[in-house]
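One file, final-v3.txt, is given below (compact mmCIF, N, CA and C atoms).
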# COMPACT_ATOMS: atom_id res chain seq x y z
N MET A 266 -35.23 -12.83 -22.14
CA MET A 266 -34.20 -11.82 -22.30
C MET A 266 -32.88 -12.52 -22.64
N SER A 267 -32.21 -12.07 -23.70
CA SER A 267 -30.96 -12.70 -24.12
C SER A 267 -29.84 -12.38 -23.14
N VAL A 268 -28.75 -13.16 -23.24
CA VAL A 268 -27.59 -12.93 -22.39
C VAL A 268 -27.04 -11.53 -22.63
N ALA A 269 -26.99 -11.11 -23.89
CA ALA A 269 -26.48 -9.77 -24.22
C ALA A 269 -27.32 -8.70 -23.53
N GLN A 270 -28.63 -8.88 -23.52
CA GLN A 270 -29.50 -7.90 -22.87
C GLN A 270 -29.28 -7.90 -21.36
N GLN A 271 -29.10 -9.10 -20.77
CA GLN A 271 -28.88 -9.19 -19.33
C GLN A 271 -27.59 -8.48 -18.94
N VAL A 272 -26.54 -8.64 -19.72
CA VAL A 272 -25.25 -8.02 -19.43
C VAL A 272 -25.34 -6.51 -19.57
N LEU A 273 -26.12 -6.05 -20.54
CA LEU A 273 -26.14 -4.63 -20.86
C LEU A 273 -27.32 -3.86 -20.27
N VAL A 274 -28.07 -4.49 -19.38
CA VAL A 274 -29.23 -3.82 -18.79
C VAL A 274 -28.77 -2.52 -18.12
N GLY A 275 -29.51 -1.46 -18.40
CA GLY A 275 -29.21 -0.19 -17.76
C GLY A 275 -28.22 0.66 -18.53
N LYS A 276 -27.58 0.13 -19.56
CA LYS A 276 -26.63 0.92 -20.33
C LYS A 276 -27.37 1.74 -21.38
N LYS A 277 -26.94 2.95 -21.54
CA LYS A 277 -27.49 3.81 -22.57
C LYS A 277 -27.01 3.33 -23.93
N ARG A 278 -27.89 3.31 -24.89
CA ARG A 278 -27.54 2.89 -26.25
C ARG A 278 -27.95 3.97 -27.22
N THR A 279 -27.44 3.89 -28.43
CA THR A 279 -27.82 4.86 -29.45
C THR A 279 -28.76 4.19 -30.43
N ALA A 280 -29.78 4.89 -30.82
CA ALA A 280 -30.75 4.39 -31.78
C ALA A 280 -30.15 4.44 -33.18
N ALA A 281 -30.76 3.71 -34.09
CA ALA A 281 -30.26 3.65 -35.47
C ALA A 281 -30.19 5.04 -36.09
N GLY A 282 -31.13 5.90 -35.77
CA GLY A 282 -31.14 7.25 -36.33
C GLY A 282 -30.02 8.12 -35.81
N GLN A 283 -29.38 7.70 -34.72
CA GLN A 283 -28.28 8.46 -34.15
C GLN A 283 -26.92 7.93 -34.60
N ARG A 284 -26.91 7.05 -35.54
CA ARG A 284 -25.65 6.52 -36.07
C ARG A 284 -25.14 7.49 -37.12
N ASP A 285 -24.46 8.51 -36.63
CA ASP A 285 -24.07 9.62 -37.49
C ASP A 285 -22.55 9.76 -37.66
N LYS A 286 -21.79 8.78 -37.25
CA LYS A 286 -20.34 8.80 -37.39
C LYS A 286 -19.92 7.78 -38.45
N LEU A 287 -19.24 8.25 -39.49
CA LEU A 287 -18.75 7.35 -40.54
C LEU A 287 -17.40 6.80 -40.10
N VAL A 288 -17.37 5.52 -39.76
CA VAL A 288 -16.21 4.87 -39.16
C VAL A 288 -15.62 3.87 -40.15
N THR A 289 -14.29 3.81 -40.20
CA THR A 289 -13.61 2.83 -41.04
C THR A 289 -13.34 1.58 -40.21
N ILE A 290 -13.75 0.43 -40.75
CA ILE A 290 -13.49 -0.85 -40.11
C ILE A 290 -12.29 -1.47 -40.82
N GLN A 291 -11.27 -1.82 -40.05
CA GLN A 291 -10.09 -2.45 -40.62
C GLN A 291 -10.00 -3.90 -40.18
N GLN A 292 -9.37 -4.72 -41.04
CA GLN A 292 -9.16 -6.12 -40.70
C GLN A 292 -7.66 -6.41 -40.70
N MET A 293 -7.26 -7.30 -39.83
CA MET A 293 -5.87 -7.66 -39.68
C MET A 293 -5.57 -8.94 -40.46
N THR A 294 -4.47 -8.91 -41.19
CA THR A 294 -3.98 -10.12 -41.84
C THR A 294 -2.58 -10.37 -41.29
N LEU A 295 -2.26 -11.62 -41.13
CA LEU A 295 -0.97 -12.02 -40.58
C LEU A 295 -0.11 -12.58 -41.69
N SER A 296 1.05 -11.98 -41.90
CA SER A 296 1.98 -12.42 -42.94
C SER A 296 3.21 -13.01 -42.29
N THR A 297 3.69 -14.12 -42.83
CA THR A 297 4.92 -14.74 -42.33
C THR A 297 5.95 -14.86 -43.44
N SER A 298 5.86 -13.98 -44.44
CA SER A 298 6.77 -14.05 -45.58
C SER A 298 8.22 -13.78 -45.19
N THR A 299 8.43 -13.05 -44.10
CA THR A 299 9.80 -12.76 -43.65
C THR A 299 10.29 -13.79 -42.63
N GLY A 300 9.45 -14.76 -42.31
CA GLY A 300 9.80 -15.73 -41.30
C GLY A 300 9.30 -15.35 -39.91
N PHE A 301 8.88 -14.10 -39.76
CA PHE A 301 8.32 -13.61 -38.51
C PHE A 301 6.89 -13.15 -38.77
N PRO A 302 6.00 -13.36 -37.80
CA PRO A 302 4.62 -12.88 -37.99
C PRO A 302 4.56 -11.35 -38.02
N VAL A 303 3.94 -10.81 -39.06
CA VAL A 303 3.80 -9.36 -39.20
C VAL A 303 2.33 -9.05 -39.41
N GLU A 304 1.78 -8.17 -38.55
CA GLU A 304 0.39 -7.75 -38.68
C GLU A 304 0.28 -6.63 -39.71
N THR A 305 -0.69 -6.77 -40.61
CA THR A 305 -0.97 -5.73 -41.59
C THR A 305 -2.46 -5.41 -41.50
N TRP A 306 -2.78 -4.11 -41.42
CA TRP A 306 -4.17 -3.68 -41.32
C TRP A 306 -4.61 -3.10 -42.65
N THR A 307 -5.74 -3.58 -43.16
CA THR A 307 -6.32 -3.07 -44.40
C THR A 307 -7.78 -2.69 -44.16
N THR A 308 -8.28 -1.79 -44.98
CA THR A 308 -9.67 -1.35 -44.83
C THR A 308 -10.61 -2.44 -45.31
N LEU A 309 -11.53 -2.82 -44.44
CA LEU A 309 -12.58 -3.78 -44.80
C LEU A 309 -13.74 -3.03 -45.44
N ARG A 310 -14.22 -1.98 -44.75
CA ARG A 310 -15.31 -1.14 -45.26
C ARG A 310 -15.54 0.01 -44.30
N THR A 311 -16.44 0.89 -44.65
CA THR A 311 -16.88 1.95 -43.74
C THR A 311 -18.31 1.66 -43.33
N ALA A 312 -18.70 2.19 -42.17
CA ALA A 312 -20.05 1.98 -41.67
C ALA A 312 -20.46 3.17 -40.80
N TRP A 313 -21.75 3.45 -40.82
CA TRP A 313 -22.30 4.49 -39.95
C TRP A 313 -22.53 3.88 -38.58
N MET A 314 -22.01 4.54 -37.55
CA MET A 314 -22.11 4.03 -36.19
C MET A 314 -22.51 5.14 -35.23
N GLY A 315 -23.08 4.73 -34.13
CA GLY A 315 -23.33 5.62 -33.02
C GLY A 315 -22.19 5.48 -32.03
N ARG A 316 -21.92 6.54 -31.29
CA ARG A 316 -20.78 6.54 -30.38
C ARG A 316 -21.21 7.00 -29.00
N LEU A 317 -20.72 6.30 -27.98
CA LEU A 317 -20.97 6.67 -26.60
C LEU A 317 -19.65 6.58 -25.85
N ASP A 318 -19.10 7.74 -25.44
CA ASP A 318 -17.87 7.76 -24.66
C ASP A 318 -18.20 7.34 -23.24
N VAL A 319 -17.49 6.32 -22.75
CA VAL A 319 -17.80 5.74 -21.46
C VAL A 319 -16.88 6.25 -20.37
N ARG A 320 -15.56 6.23 -20.63
CA ARG A 320 -14.61 6.57 -19.59
C ARG A 320 -13.30 7.04 -20.22
N ALA A 321 -12.62 7.96 -19.56
CA ALA A 321 -11.31 8.42 -19.99
C ALA A 321 -10.37 8.37 -18.80
N ASP A 322 -9.08 8.12 -19.09
CA ASP A 322 -8.09 7.99 -18.03
C ASP A 322 -6.78 8.60 -18.52
N GLU A 323 -6.10 9.32 -17.63
CA GLU A 323 -4.80 9.89 -17.97
C GLU A 323 -3.83 9.60 -16.85
N ARG A 324 -2.61 9.18 -17.23
CA ARG A 324 -1.59 8.85 -16.23
C ARG A 324 -0.25 9.43 -16.63
N PHE A 325 0.61 9.55 -15.66
CA PHE A 325 1.97 10.00 -15.91
C PHE A 325 2.89 8.90 -15.40
N THR A 326 3.50 8.16 -16.32
CA THR A 326 4.40 7.08 -15.94
C THR A 326 5.66 7.15 -16.80
N SER A 327 6.78 6.85 -16.19
CA SER A 327 8.07 6.85 -16.90
C SER A 327 8.31 8.15 -17.66
N ASN A 328 8.00 9.27 -17.01
CA ASN A 328 8.19 10.60 -17.60
C ASN A 328 7.39 10.81 -18.89
N GLN A 329 6.28 10.12 -19.02
CA GLN A 329 5.42 10.28 -20.20
C GLN A 329 3.97 10.33 -19.77
N HIS A 330 3.20 11.16 -20.48
CA HIS A 330 1.75 11.16 -20.29
C HIS A 330 1.18 10.02 -21.13
N SER A 331 0.24 9.32 -20.58
CA SER A 331 -0.44 8.26 -21.29
C SER A 331 -1.93 8.38 -20.99
N SER A 332 -2.74 8.39 -22.02
CA SER A 332 -4.17 8.49 -21.78
C SER A 332 -4.90 7.44 -22.60
N ALA A 333 -6.05 7.04 -22.11
CA ALA A 333 -6.87 6.04 -22.78
C ALA A 333 -8.33 6.44 -22.66
N MET A 334 -9.11 6.07 -23.67
CA MET A 334 -10.53 6.40 -23.67
C MET A 334 -11.32 5.15 -24.08
N GLU A 335 -12.28 4.80 -23.25
CA GLU A 335 -13.16 3.67 -23.56
C GLU A 335 -14.42 4.22 -24.23
N THR A 336 -14.74 3.67 -25.38
CA THR A 336 -15.88 4.13 -26.17
C THR A 336 -16.68 2.92 -26.64
N ASN A 337 -17.99 3.04 -26.56
CA ASN A 337 -18.87 2.01 -27.11
C ASN A 337 -19.39 2.51 -28.45
N TRP A 338 -19.34 1.64 -29.44
CA TRP A 338 -19.84 1.94 -30.79
C TRP A 338 -20.99 1.01 -31.09
N TYR A 339 -21.99 1.51 -31.81
CA TYR A 339 -23.16 0.72 -32.17
C TYR A 339 -23.33 0.77 -33.68
N CYS A 340 -23.43 -0.42 -34.30
CA CYS A 340 -23.59 -0.49 -35.76
C CYS A 340 -24.68 -1.50 -36.10
N ASP A 341 -25.17 -1.41 -37.33
CA ASP A 341 -26.13 -2.39 -37.80
C ASP A 341 -25.44 -3.75 -37.88
N PHE A 342 -26.23 -4.80 -37.74
CA PHE A 342 -25.68 -6.15 -37.81
C PHE A 342 -25.10 -6.41 -39.20
N ALA A 343 -23.92 -7.01 -39.25
CA ALA A 343 -23.29 -7.43 -40.50
C ALA A 343 -22.57 -8.75 -40.24
N SER A 344 -22.63 -9.66 -41.19
CA SER A 344 -22.04 -10.98 -40.98
C SER A 344 -20.53 -10.91 -40.78
N ASP A 345 -19.85 -9.91 -41.38
CA ASP A 345 -18.40 -9.82 -41.21
C ASP A 345 -18.00 -9.22 -39.86
N MET A 346 -18.98 -8.84 -39.04
CA MET A 346 -18.72 -8.33 -37.69
C MET A 346 -19.46 -9.15 -36.63
N ASP A 347 -20.04 -10.27 -37.03
CA ASP A 347 -20.81 -11.10 -36.11
C ASP A 347 -19.88 -11.73 -35.07
N PRO A 348 -20.02 -11.37 -33.79
CA PRO A 348 -19.12 -11.90 -32.77
C PRO A 348 -19.25 -13.40 -32.55
N ASP A 349 -20.34 -14.01 -33.04
CA ASP A 349 -20.50 -15.46 -32.91
C ASP A 349 -19.71 -16.24 -33.95
N THR A 350 -19.32 -15.58 -35.04
CA THR A 350 -18.60 -16.29 -36.10
C THR A 350 -17.22 -15.70 -36.41
N VAL A 351 -16.97 -14.47 -35.99
CA VAL A 351 -15.69 -13.80 -36.25
C VAL A 351 -15.09 -13.37 -34.92
N ASP A 352 -13.79 -13.61 -34.73
CA ASP A 352 -13.12 -13.14 -33.52
C ASP A 352 -12.85 -11.64 -33.68
N VAL A 353 -13.90 -10.85 -33.50
CA VAL A 353 -13.89 -9.42 -33.79
C VAL A 353 -12.78 -8.70 -33.04
N SER A 354 -12.59 -9.02 -31.77
CA SER A 354 -11.60 -8.29 -30.98
C SER A 354 -10.17 -8.58 -31.42
N LYS A 355 -9.96 -9.68 -32.11
CA LYS A 355 -8.61 -10.04 -32.56
C LYS A 355 -8.30 -9.55 -33.96
N VAL A 356 -9.27 -9.57 -34.86
CA VAL A 356 -8.99 -9.30 -36.27
C VAL A 356 -9.66 -8.04 -36.82
N ARG A 357 -10.25 -7.23 -35.97
CA ARG A 357 -10.88 -5.99 -36.42
C ARG A 357 -10.47 -4.83 -35.51
N ARG A 358 -10.47 -3.63 -36.06
CA ARG A 358 -10.30 -2.41 -35.29
C ARG A 358 -11.02 -1.29 -36.03
N LEU A 359 -11.23 -0.17 -35.35
CA LEU A 359 -11.95 0.96 -35.93
C LEU A 359 -11.02 2.16 -36.06
N LEU A 360 -11.25 2.96 -37.09
CA LEU A 360 -10.57 4.24 -37.26
C LEU A 360 -11.63 5.32 -37.36
N PHE A 361 -11.43 6.39 -36.59
CA PHE A 361 -12.35 7.52 -36.66
C PHE A 361 -11.56 8.79 -36.39
N LYS A 362 -11.60 9.70 -37.34
CA LYS A 362 -10.91 10.99 -37.25
C LYS A 362 -9.45 10.84 -36.84
N GLY A 363 -8.77 9.89 -37.45
CA GLY A 363 -7.33 9.73 -37.22
C GLY A 363 -6.95 8.95 -35.98
N ARG A 364 -7.91 8.55 -35.18
CA ARG A 364 -7.63 7.79 -33.97
C ARG A 364 -8.00 6.32 -34.17
N THR A 365 -7.18 5.44 -33.65
CA THR A 365 -7.40 4.00 -33.74
C THR A 365 -8.09 3.51 -32.47
N TYR A 366 -9.17 2.77 -32.65
CA TYR A 366 -9.92 2.20 -31.55
C TYR A 366 -9.78 0.68 -31.60
N ASP A 367 -9.05 0.11 -30.63
CA ASP A 367 -8.91 -1.33 -30.54
C ASP A 367 -10.17 -1.92 -29.93
N ILE A 368 -10.69 -2.96 -30.54
CA ILE A 368 -11.93 -3.58 -30.06
C ILE A 368 -11.60 -4.55 -28.93
N LEU A 369 -12.19 -4.31 -27.77
CA LEU A 369 -12.01 -5.17 -26.62
C LEU A 369 -13.01 -6.32 -26.63
N SER A 370 -14.25 -6.02 -27.01
CA SER A 370 -15.27 -7.06 -27.10
C SER A 370 -16.40 -6.60 -28.01
N ALA A 371 -17.18 -7.57 -28.45
CA ALA A 371 -18.32 -7.30 -29.32
C ALA A 371 -19.49 -8.14 -28.86
N VAL A 372 -20.68 -7.54 -28.91
CA VAL A 372 -21.90 -8.22 -28.48
C VAL A 372 -22.98 -7.99 -29.52
N SER A 373 -23.63 -9.07 -29.94
CA SER A 373 -24.76 -8.95 -30.85
C SER A 373 -26.00 -8.64 -30.03
N LEU A 374 -26.70 -7.58 -30.41
CA LEU A 374 -27.91 -7.16 -29.70
C LEU A 374 -29.14 -7.58 -30.52
N ASP A 375 -29.75 -8.69 -30.14
CA ASP A 375 -30.96 -9.20 -30.79
C ASP A 375 -30.79 -9.46 -32.29
N GLY A 376 -29.57 -9.65 -32.76
CA GLY A 376 -29.35 -9.95 -34.17
C GLY A 376 -29.63 -8.79 -35.11
N ARG A 377 -29.91 -7.59 -34.58
CA ARG A 377 -30.19 -6.43 -35.43
C ARG A 377 -29.05 -5.41 -35.39
N SER A 378 -28.32 -5.39 -34.29
CA SER A 378 -27.20 -4.45 -34.18
C SER A 378 -26.09 -5.08 -33.35
N ILE A 379 -24.94 -4.44 -33.38
CA ILE A 379 -23.76 -4.94 -32.68
C ILE A 379 -23.18 -3.80 -31.85
N GLU A 380 -22.84 -4.11 -30.61
CA GLU A 380 -22.14 -3.15 -29.76
C GLU A 380 -20.67 -3.54 -29.71
N LEU A 381 -19.79 -2.57 -29.97
CA LEU A 381 -18.35 -2.78 -29.91
C LEU A 381 -17.79 -1.94 -28.76
N ILE A 382 -17.12 -2.59 -27.83
CA ILE A 382 -16.49 -1.88 -26.73
C ILE A 382 -15.03 -1.71 -27.13
N THR A 383 -14.57 -0.45 -27.20
CA THR A 383 -13.24 -0.17 -27.72
C THR A 383 -12.40 0.63 -26.73
N LEU A 384 -11.10 0.63 -26.99
CA LEU A 384 -10.16 1.40 -26.21
C LEU A 384 -9.21 2.12 -27.17
N ALA A 385 -9.11 3.41 -27.00
CA ALA A 385 -8.19 4.21 -27.80
C ALA A 385 -7.11 4.74 -26.87
N LYS A 386 -5.85 4.54 -27.25
CA LYS A 386 -4.73 5.01 -26.44
C LYS A 386 -4.04 6.15 -27.15
N VAL A 387 -3.60 7.11 -26.35
CA VAL A 387 -2.84 8.24 -26.87
C VAL A 387 -1.62 8.40 -25.99
N ASP A 388 -0.43 8.18 -26.52
CA ASP A 388 0.81 8.34 -25.79
C ASP A 388 1.59 9.49 -26.37
N GLU A 389 2.17 10.29 -25.50
CA GLU A 389 2.97 11.43 -25.97
C GLU A 389 4.43 11.05 -25.99
Translate this file's structure into structure tokens.
Amino acid sequence: MSVAQQVLVGKKRTAAGQRDKLVTIQQMTLSTSTGFPVETWTTLRTAWMGRLDVRADERFTSNQHSSAMETNWYCDFASDMDPDTVDVSKVRRLLFKGRTYDILSAVSLDGRSIELITLAKVDE
């Protein structure tokens, strides 16, 4: 049993046939043309993914509502998303229906698919 399987034992996953969400994968480029580092996000590609909402949280701090949602995404294996060769959580993020999902971690599942653990924040 691989390390990824040991970590994820007992977690519900989505099968390839349930990958019914068309998600935009963005990549970050760092520009220093102004003398300061500036992050720019561009579209890398789109991919069909499965989605599993794990947890949601809402708080009231500093007279503002703040909410966050943890979501796991499942996609087919692709070399540009391989967590062993690309720092996925640093240079990739997902867009789905106008919401940005920051990637917290990525795990390769048997070299056939990738699980992305994401966090989406909504501040009012």
Rank A:Ile368, A:Leu374, A:Ala333, A:Leu287 by their smallest atom-to-atom distance to Asp349 in chain A, using only C-alpha atoms, and report the top residue only.
A:Leu374
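Between atom N of Gly300 in chain A and atom C of Lys355 in chain A lies a distance of 20.3 Å.
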Which residue out of A:Asp347, A:Glu380, A:Asp375, A:Asp341 has the minimum interatomic distance to Trp313 in chain A when all atoms listed in the file are used?
A:Asp341
Every residue with an atom at most 6.5 Å from (-7.0, -8.3, -36.1) (file coordinates; only N, CA and C atoms) is what I'm after, so could you write them as number ranges by chain?
A: 292-294, 354-358
Point out the residue among A:Leu317, A:Phe342, A:Leu359, A:Met334 with the least atom-to-atom distance to Gln291 in chain A, counting all atoms listed in the file.
A:Leu359
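Going from atom N of Phe361 in chain A to atom N of Ile290 in chain A covers 7.6 Å.
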Could you give me the residues within range 275-378 of chain A that DSSP places in helix (DSSP H, G or I), as a PyMOL selection string?
chain A and resi 281-283+344-346+353-356
Just-selected residues, N, CA and C atoms written as a PDB file, in the frame of the given file:
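Contents of the output file out.pdb:
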ATOM      1  N   ALA A 281     -30.760   3.710 -34.090  1.00  0.00           N
ATOM      2  CA  ALA A 281     -30.260   3.650 -35.470  1.00  0.00           C
ATOM      3  C   ALA A 281     -30.190   5.040 -36.090  1.00  0.00           C
ATOM      4  N   GLY A 282     -31.130   5.900 -35.770  1.00  0.00           N
ATOM      5  CA  GLY A 282     -31.140   7.250 -36.330  1.00  0.00           C
ATOM      6  C   GLY A 282     -30.020   8.120 -35.810  1.00  0.00           C
ATOM      7  N   GLN A 283     -29.380   7.700 -34.720  1.00  0.00           N
ATOM      8  CA  GLN A 283     -28.280   8.460 -34.150  1.00  0.00           C
ATOM      9  C   GLN A 283     -26.920   7.930 -34.600  1.00  0.00           C
ATOM     10  N   SER A 344     -22.630  -9.660 -41.190  1.00  0.00           N
ATOM     11  CA  SER A 344     -22.040 -10.980 -40.980  1.00  0.00           C
ATOM     12  C   SER A 344     -20.530 -10.910 -40.780  1.00  0.00           C
ATOM     13  N   ASP A 345     -19.850  -9.910 -41.380  1.00  0.00           N
ATOM     14  CA  ASP A 345     -18.400  -9.820 -41.210  1.00  0.00           C
ATOM     15  C   ASP A 345     -18.000  -9.220 -39.860  1.00  0.00           C
ATOM     16  N   MET A 346     -18.980  -8.840 -39.040  1.00  0.00           N
ATOM     17  CA  MET A 346     -18.720  -8.330 -37.690  1.00  0.00           C
ATOM     18  C   MET A 346     -19.460  -9.150 -36.630  1.00  0.00           C
ATOM     19  N   VAL A 353     -13.900 -10.850 -33.500  1.00  0.00           N
ATOM     20  CA  VAL A 353     -13.890  -9.420 -33.790  1.00  0.00           C
ATOM     21  C   VAL A 353     -12.780  -8.700 -33.040  1.00  0.00           C
ATOM     22  N   SER A 354     -12.590  -9.020 -31.770  1.00  0.00           N
ATOM     23  CA  SER A 354     -11.600  -8.290 -30.980  1.00  0.00           C
ATOM     24  C   SER A 354     -10.170  -8.580 -31.420  1.00  0.00           C
ATOM     25  N   LYS A 355      -9.960  -9.680 -32.110  1.00  0.00           N
ATOM     26  CA  LYS A 355      -8.610 -10.040 -32.560  1.00  0.00           C
ATOM     27  C   LYS A 355      -8.300  -9.550 -33.960  1.00  0.00           C
ATOM     28  N   VAL A 356      -9.270  -9.570 -34.860  1.00  0.00           N
ATOM     29  CA  VAL A 356      -8.990  -9.300 -36.270  1.00  0.00           C
ATOM     30  C   VAL A 356      -9.660  -8.040 -36.820  1.00  0.00           C
TER      31      VAL A 356
END
Using only C-alpha atoms, list the residues that have an atom at most 6 Å from (-18.1, 2.5, -43.4), coordinates as in the file, as a PyMOL selection string.
chain A and resi 287-289+310-313
